[in-house]
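Here is the structure we will look at.
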Amino acid sequence: MTAPILITGAGQRIGLAYAKACLSRNQPVIATYRSHRPGIDQLQQAGARCIQANFGTNEGIDRFIETLRHETDQLRAIIHNASDWLPESPDQPPEAVMSAMMQIHAMAPYRINLACRDLLEKGDSTTDIIHMTDYVVERGSAKHIAYAASKAALTNLTLSFARLLAPRVKVNSLAPSLIIFNDDDSAEYREKTLKKSLMGIEPGTRVAVDTIQFLLDNPYITGRTLPLDGGRHLV
Ligand SMILES: NC(=O)C1=CN([C@@H]2O[C@H](COP(=O)(O)OP(=O)(O)OC[C@H]3O[C@@H](n4cnc5c(N)ncnc54)[C@H](OP(=O)(O)O)[C@@H]3O)[C@@H](O)[C@H]2O)C=CC1
Ligand SMILES: Nc1nc2c(c(=O)[nH]1)N=C([C@H](O)[C@@H](O)CO)CN2
């Protein structure tokens with residue numbers, strides 16, 4: 001029996017795309033979702049086990065861990081994909097934005113990795129943790145300061161967990177820039193954003209799906225961040 005891959009925030013977009021790719025090749029999936037979106041119905045119909053979880057509080061994280069451990073005693077991989085892209089805003093006190101960003105991007109992966117280490121170490125084969133970070137870790141962001149700092153924290157967790165869990169578990173980050181726009185992104189924002197990379201395209205979720213799978217299939221990469229940014233660093 002193949003151990004399942006845990007994908008957090010799999011109700012839409014990149015997480016949903018990777019979950020569907022796994023299921024299409026009979027790789028079992030445990031998907032978490034905060035809001036019940038149509039993608040969750042699609043995953044359930046395709047055989048995924050879906051767990052509703054809000055990682056916004058430590059109680060929510062711990063409730064999820066308890067549920068997960070009743071669902072499985074082994075994991076092939078954990079893909080920490082769940083994320084909120086919160087900008088600084090006059091409507092939110094800065095401390096609330098920083099707290100929310102650190103909670104979802106650092107505290108949740110930290111607590112889940114520590115609590116699920118034995119599930120990853122159960123089998124005979126090497127297993128994986130993937131942290132979805134962001135290109136902005138390299139450059140910062142004037143409009144998403146707390147978001148960028150929290151993704152930098154997640155990037156450092158990659159280094160520490162790679163040290164802690166080797167050689168049984170590989171731990172890597174994937175640092176995208178634009179992968180897929182949001183439906184409410186304006187034409188002006190889209191045009192401006194496309195100019196920020198050398199490739200100048202919105203690649204879509206496939207590039208993230210393929211890169212995640214590349215990391216899982218590679219036995220010799222750990223403690224690394226793979227950029228997925230269309231050459232944005234050279235613009
Ligand atoms: N899309 C892109 O172009 C880029 C993406 N990335 C990173 O790649 C990853 C995937 O991106 P994308 O698919 O756009 O992600 P989304 O913005 O679609 O977020 C994925 C899911 O995370 C869930 N989530 C948010 N907060 C919480 C929480 N507190 N508890 C549980 N779940 C939560 C959301 O649930 P709900 O449906 O309820 O909102 C959402 O469905 C993210 O880590 C992102 O930061 C990095 C750079 C570019
Ligand atoms: N959780 C999310 N994080 C990010 C998103 C997103 O939609 N959800 N989008 C981006 C942008 O595409 C950015 O990379 C380019 O403007 C960044 N992070």
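Naming scheme: A, B, ... for chains in displayed order of the structure tokens; residues 1 onward per chain; ligands 1 onward as shown.
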Let me have all residues with an atom within 7 Å of ligand 1, counting only C-alpha atoms and all ligand atoms, laid out as a PyMOL selection string. chain A and resi 8-15+33-35+37+53-56+81-85+104+132-135+175-181
Contacts of segment 58-67 of chain A within 12 Å, only C-alpha atoms, excl. fewer than 3 positions in-chain, as a PDB file with N, CA and C atoms, in the first residue's frame:
ATOM      1  N   LEU A   6       0.564  14.229   1.946  1.00  0.00           N
ATOM      2  CA  LEU A   6      -0.246  15.268   2.589  1.00  0.00           C
ATOM      3  C   LEU A   6       0.011  16.590   1.870  1.00  0.00           C
ATOM      4  N   THR A   8      -1.255  20.550   1.997  1.00  0.00           N
ATOM      5  CA  THR A   8      -2.069  21.525   2.730  1.00  0.00           C
ATOM      6  C   THR A   8      -2.572  22.599   1.773  1.00  0.00           C
ATOM      7  N   ILE A  30      -3.829  12.966   1.004  1.00  0.00           N
ATOM      8  CA  ILE A  30      -4.605  13.573   2.087  1.00  0.00           C
ATOM      9  C   ILE A  30      -4.509  15.077   1.873  1.00  0.00           C
ATOM     10  N   ALA A  31      -5.653  15.720   1.666  1.00  0.00           N
ATOM     11  CA  ALA A  31      -5.690  17.149   1.347  1.00  0.00           C
ATOM     12  C   ALA A  31      -6.319  17.913   2.499  1.00  0.00           C
ATOM     13  N   THR A  32      -5.732  19.062   2.846  1.00  0.00           N
ATOM     14  CA  THR A  32      -6.404  19.921   3.826  1.00  0.00           C
ATOM     15  C   THR A  32      -7.025  21.097   3.099  1.00  0.00           C
ATOM     16  N   TYR A  33      -8.104  21.598   3.667  1.00  0.00           N
ATOM     17  CA  TYR A  33      -8.760  22.791   3.135  1.00  0.00           C
ATOM     18  C   TYR A  33      -9.303  23.605   4.285  1.00  0.00           C
ATOM     19  N   ARG A  34      -9.342  24.945   4.093  1.00  0.00           N
ATOM     20  CA  ARG A  34      -9.959  25.797   5.115  1.00  0.00           C
ATOM     21  C   ARG A  34     -11.417  26.045   4.710  1.00  0.00           C
ATOM     22  N   ARG A  49      -8.525  11.741   0.637  1.00  0.00           N
ATOM     23  CA  ARG A  49      -9.095  11.974   1.968  1.00  0.00           C
ATOM     24  C   ARG A  49      -8.899  13.459   2.258  1.00  0.00           C
ATOM     25  N   CYS A  50      -9.974  14.173   2.543  1.00  0.00           N
ATOM     26  CA  CYS A  50      -9.906  15.624   2.710  1.00  0.00           C
ATOM     27  C   CYS A  50     -10.242  15.986   4.152  1.00  0.00           C
ATOM     28  N   ILE A  51      -9.392  16.798   4.755  1.00  0.00           N
ATOM     29  CA  ILE A  51      -9.546  17.190   6.161  1.00  0.00           C
ATOM     30  C   ILE A  51      -9.698  18.697   6.237  1.00  0.00           C
ATOM     31  N   GLN A  52     -10.767  19.173   6.838  1.00  0.00           N
ATOM     32  CA  GLN A  52     -10.959  20.612   7.018  1.00  0.00           C
ATOM     33  C   GLN A  52     -10.075  21.051   8.172  1.00  0.00           C
ATOM     34  N   ALA A  53      -9.274  22.106   7.921  1.00  0.00           N
ATOM     35  CA  ALA A  53      -8.352  22.567   8.960  1.00  0.00           C
ATOM     36  C   ALA A  53      -8.050  24.041   8.752  1.00  0.00           C
ATOM     37  N   ASN A  54      -8.087  24.798   9.848  1.00  0.00           N
ATOM     38  CA  ASN A  54      -7.636  26.188   9.827  1.00  0.00           C
ATOM     39  C   ASN A  54      -6.393  26.292  10.696  1.00  0.00           C
ATOM     40  N   PHE A  55      -5.265  26.581  10.054  1.00  0.00           N
ATOM     41  CA  PHE A  55      -3.984  26.628  10.767  1.00  0.00           C
ATOM     42  C   PHE A  55      -3.758  27.990  11.413  1.00  0.00           C
ATOM     43  N   HIS A  70      -5.206   9.875  12.954  1.00  0.00           N
ATOM     44  CA  HIS A  70      -6.250   8.841  12.898  1.00  0.00           C
ATOM     45  C   HIS A  70      -6.476   8.360  11.468  1.00  0.00           C
ATOM     46  N   GLU A  71      -6.078   9.219  10.488  1.00  0.00           N
ATOM     47  CA  GLU A  71      -6.280   8.869   9.079  1.00  0.00           C
ATOM     48  C   GLU A  71      -5.183   7.949   8.542  1.00  0.00           C
ATOM     49  N   THR A  72      -3.940   8.121   9.030  1.00  0.00           N
ATOM     50  CA  THR A  72      -2.816   7.364   8.477  1.00  0.00           C
ATOM     51  C   THR A  72      -1.716   7.172   9.515  1.00  0.00           C
ATOM     52  N   ASP A  73      -0.942   6.084   9.337  1.00  0.00           N
ATOM     53  CA  ASP A  73       0.212   5.895  10.226  1.00  0.00           C
ATOM     54  C   ASP A  73       1.526   6.049   9.457  1.00  0.00           C
ATOM     55  N   SER A  99       1.524  38.432  12.714  1.00  0.00           N
ATOM     56  CA  SER A  99       1.140  37.230  13.461  1.00  0.00           C
ATOM     57  C   SER A  99       0.470  36.209  12.544  1.00  0.00           C
ATOM     58  N   ALA A 100      -0.424  36.684  11.694  1.00  0.00           N
ATOM     59  CA  ALA A 100      -1.136  35.772  10.780  1.00  0.00           C
ATOM     60  C   ALA A 100      -0.172  35.141   9.782  1.00  0.00           C
ATOM     61  N   MET A 102       3.154  34.689  10.105  1.00  0.00           N
ATOM     62  CA  MET A 102       4.058  33.748  10.757  1.00  0.00           C
ATOM     63  C   MET A 102       3.312  32.472  11.168  1.00  0.00           C
ATOM     64  N   GLN A 103       2.044  32.614  11.520  1.00  0.00           N
ATOM     65  CA  GLN A 103       1.258  31.457  11.937  1.00  0.00           C
ATOM     66  C   GLN A 103       1.092  30.454  10.797  1.00  0.00           C
ATOM     67  N   ILE A 104       0.705  30.936   9.617  1.00  0.00           N
ATOM     68  CA  ILE A 104       0.423  29.996   8.513  1.00  0.00           C
ATOM     69  C   ILE A 104       1.705  29.525   7.832  1.00  0.00           C
ATOM     70  N   ALA A 106       5.019  29.722   9.049  1.00  0.00           N
ATOM     71  CA  ALA A 106       6.128  29.192   9.848  1.00  0.00           C
ATOM     72  C   ALA A 106       5.633  28.257  10.950  1.00  0.00           C
ATOM     73  N   MET A 107       4.686  28.723  11.774  1.00  0.00           N
ATOM     74  CA  MET A 107       4.229  27.902  12.910  1.00  0.00           C
ATOM     75  C   MET A 107       3.583  26.603  12.421  1.00  0.00           C
ATOM     76  N   ALA A 108       2.725  26.678  11.431  1.00  0.00           N
ATOM     77  CA  ALA A 108       2.025  25.472  10.971  1.00  0.00           C
ATOM     78  C   ALA A 108       3.007  24.430  10.422  1.00  0.00           C
ATOM     79  N   PRO A 109       3.890  24.798   9.476  1.00  0.00           N
ATOM     80  CA  PRO A 109       4.855  23.797   9.007  1.00  0.00           C
ATOM     81  C   PRO A 109       5.745  23.271  10.128  1.00  0.00           C
ATOM     82  N   TYR A 110       6.143  24.165  11.060  1.00  0.00           N
ATOM     83  CA  TYR A 110       7.030  23.777  12.181  1.00  0.00           C
ATOM     84  C   TYR A 110       6.348  22.718  13.053  1.00  0.00           C
ATOM     85  N   ARG A 111       5.116  22.989  13.466  1.00  0.00           N
ATOM     86  CA  ARG A 111       4.421  22.052  14.366  1.00  0.00           C
ATOM     87  C   ARG A 111       4.067  20.759  13.646  1.00  0.00           C
ATOM     88  N   ILE A 112       3.650  20.863  12.397  1.00  0.00           N
ATOM     89  CA  ILE A 112       3.246  19.646  11.662  1.00  0.00           C
ATOM     90  C   ILE A 112       4.478  18.773  11.395  1.00  0.00           C
ATOM     91  N   ASN A 113       5.585  19.385  10.990  1.00  0.00           N
ATOM     92  CA  ASN A 113       6.805  18.587  10.727  1.00  0.00           C
ATOM     93  C   ASN A 113       7.261  17.853  11.976  1.00  0.00           C
ATOM     94  N   LEU A 114       7.265  18.537  13.121  1.00  0.00           N
ATOM     95  CA  LEU A 114       7.727  17.893  14.363  1.00  0.00           C
ATOM     96  C   LEU A 114       6.772  16.784  14.787  1.00  0.00           C
ATOM     97  N   ALA A 115       5.472  17.052  14.622  1.00  0.00           N
ATOM     98  CA  ALA A 115       4.471  16.079  15.098  1.00  0.00           C
ATOM     99  C   ALA A 115       4.335  14.882  14.173  1.00  0.00           C
ATOM    100  N   CYS A 116       4.762  15.028  12.919  1.00  0.00           N
ATOM    101  CA  CYS A 116       4.549  13.954  11.926  1.00  0.00           C
ATOM    102  C   CYS A 116       5.849  13.306  11.490  1.00  0.00           C
ATOM    103  N   ARG A 117       6.946  13.602  12.171  1.00  0.00           N
ATOM    104  CA  ARG A 117       8.250  13.056  11.800  1.00  0.00           C
ATOM    105  C   ARG A 117       8.185  11.529  11.718  1.00  0.00           C
ATOM    106  N   LEU A 119       5.723   9.588  11.049  1.00  0.00           N
ATOM    107  CA  LEU A 119       4.938   9.129   9.888  1.00  0.00           C
ATOM    108  C   LEU A 119       5.785   9.140   8.614  1.00  0.00           C
TER     109      LEU A 119
END
Using only C-alpha atoms, determine which residues lie at most 9 Å from Gln42 of chain A, disregarding the query and same-chain residues fewer than 5 positions distant; provide the list as a VMD selection string. chain A and resid 20 47 to 48
Emit the selected residues as a PDB file, in the first residue's frame, including C-alpha atoms.
ATOM      1  CA  LYS A  20      -5.030  15.952  -8.928  1.00  0.00           C
ATOM      2  CA  GLY A  47     -10.485   9.279  -3.881  1.00  0.00           C
ATOM      3  CA  ALA A  48      -8.578  11.796  -1.778  1.00  0.00           C
TER       4      ALA A  48
END
Write out as a ChimeraX atom specification each polymer residue whose atoms come within 6 Å of Ala3 of chain A, counting only C-alpha atoms; drop sequence neighbours fewer than 5 positions from it. /A:74-76
Take the residues from that selection and write them out as a PDB file, in the first residue's frame, keeping C-alpha atoms.
ATOM      1  CA  GLN A  74       2.613   6.713   7.374  1.00  0.00           C
ATOM      2  CA  LEU A  75       3.302   9.543   4.911  1.00  0.00           C
ATOM      3  CA  ARG A  76       5.219   9.589   1.588  1.00  0.00           C
TER       4      ARG A  76
END
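Atom CA of Thr225 of chain A sits 19.8 Å away from atom CA of Leu198 of chain A.
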Could you tell me, as number ranges by chain, which residues of segment 88-227 of chain A DSSP assigns to alpha helix (DSSP H) when given the backbone? A: 94-102, 108-115, 117-120, 136-139, 145-165, 187-194, 205-217
Where does DSSP see strand (DSSP E) in chain A, if you list the residues as a PyMOL selection string? chain A and resi 5-7+29-33+49-52+77-80+127-132+169-176+225-228
Rank nothing, just name the residue among A:Val209, A:Ala153, A:Ala46, A:Ile129 nearest to Ala77 of chain A, using only C-alpha atoms.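 Nearest to Ala77 of chain A: A:Ile129.
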Atom CA of Pro28 of chain A to atom CA of Lys170 of chain A, straight-line distance in Å: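 So the two atoms, atom CA of Lys170 of chain A and atom CA of Pro28 of chain A, lie 19.4 Å apart.
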With only C-alpha atoms and all ligand atoms as the atoms that count, which of A:Glu121, A:Asp210, A:Asp185, A:Asp217 lies nearest to ligand 2?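 That would be A:Asp185, the residue with the smallest distance to ligand 2.
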Best match for closeness to ligand 2 among A:Gly140, A:Gly123, A:Pro90, A:Pro38, counting only C-alpha atoms and all ligand atoms: A:Gly140
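The gap separating atom CA of Glu188 of chain A from atom CA of Gly230 of chain A is 19.7 Å, in Å to one decimal.
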Across A:Leu154, A:Val136, A:Leu234, A:Leu165, the smallest distance to ligand 2, with only C-alpha atoms and all ligand atoms counted, is shown by A:Val136
Shortest contact to ligand 2, candidates A:Asn172, A:Thr158, A:Ser150, A:Thr211, atoms counted only C-alpha atoms and all ligand atoms, goes to A:Ser150
Have a look at A:Pro93, A:Pro167, A:Gly39, A:Gly200 and name the one nearest to ligand 2; count only C-alpha atoms and all ligand atoms.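 Among the listed residues, A:Gly200 lies closest to ligand 2.
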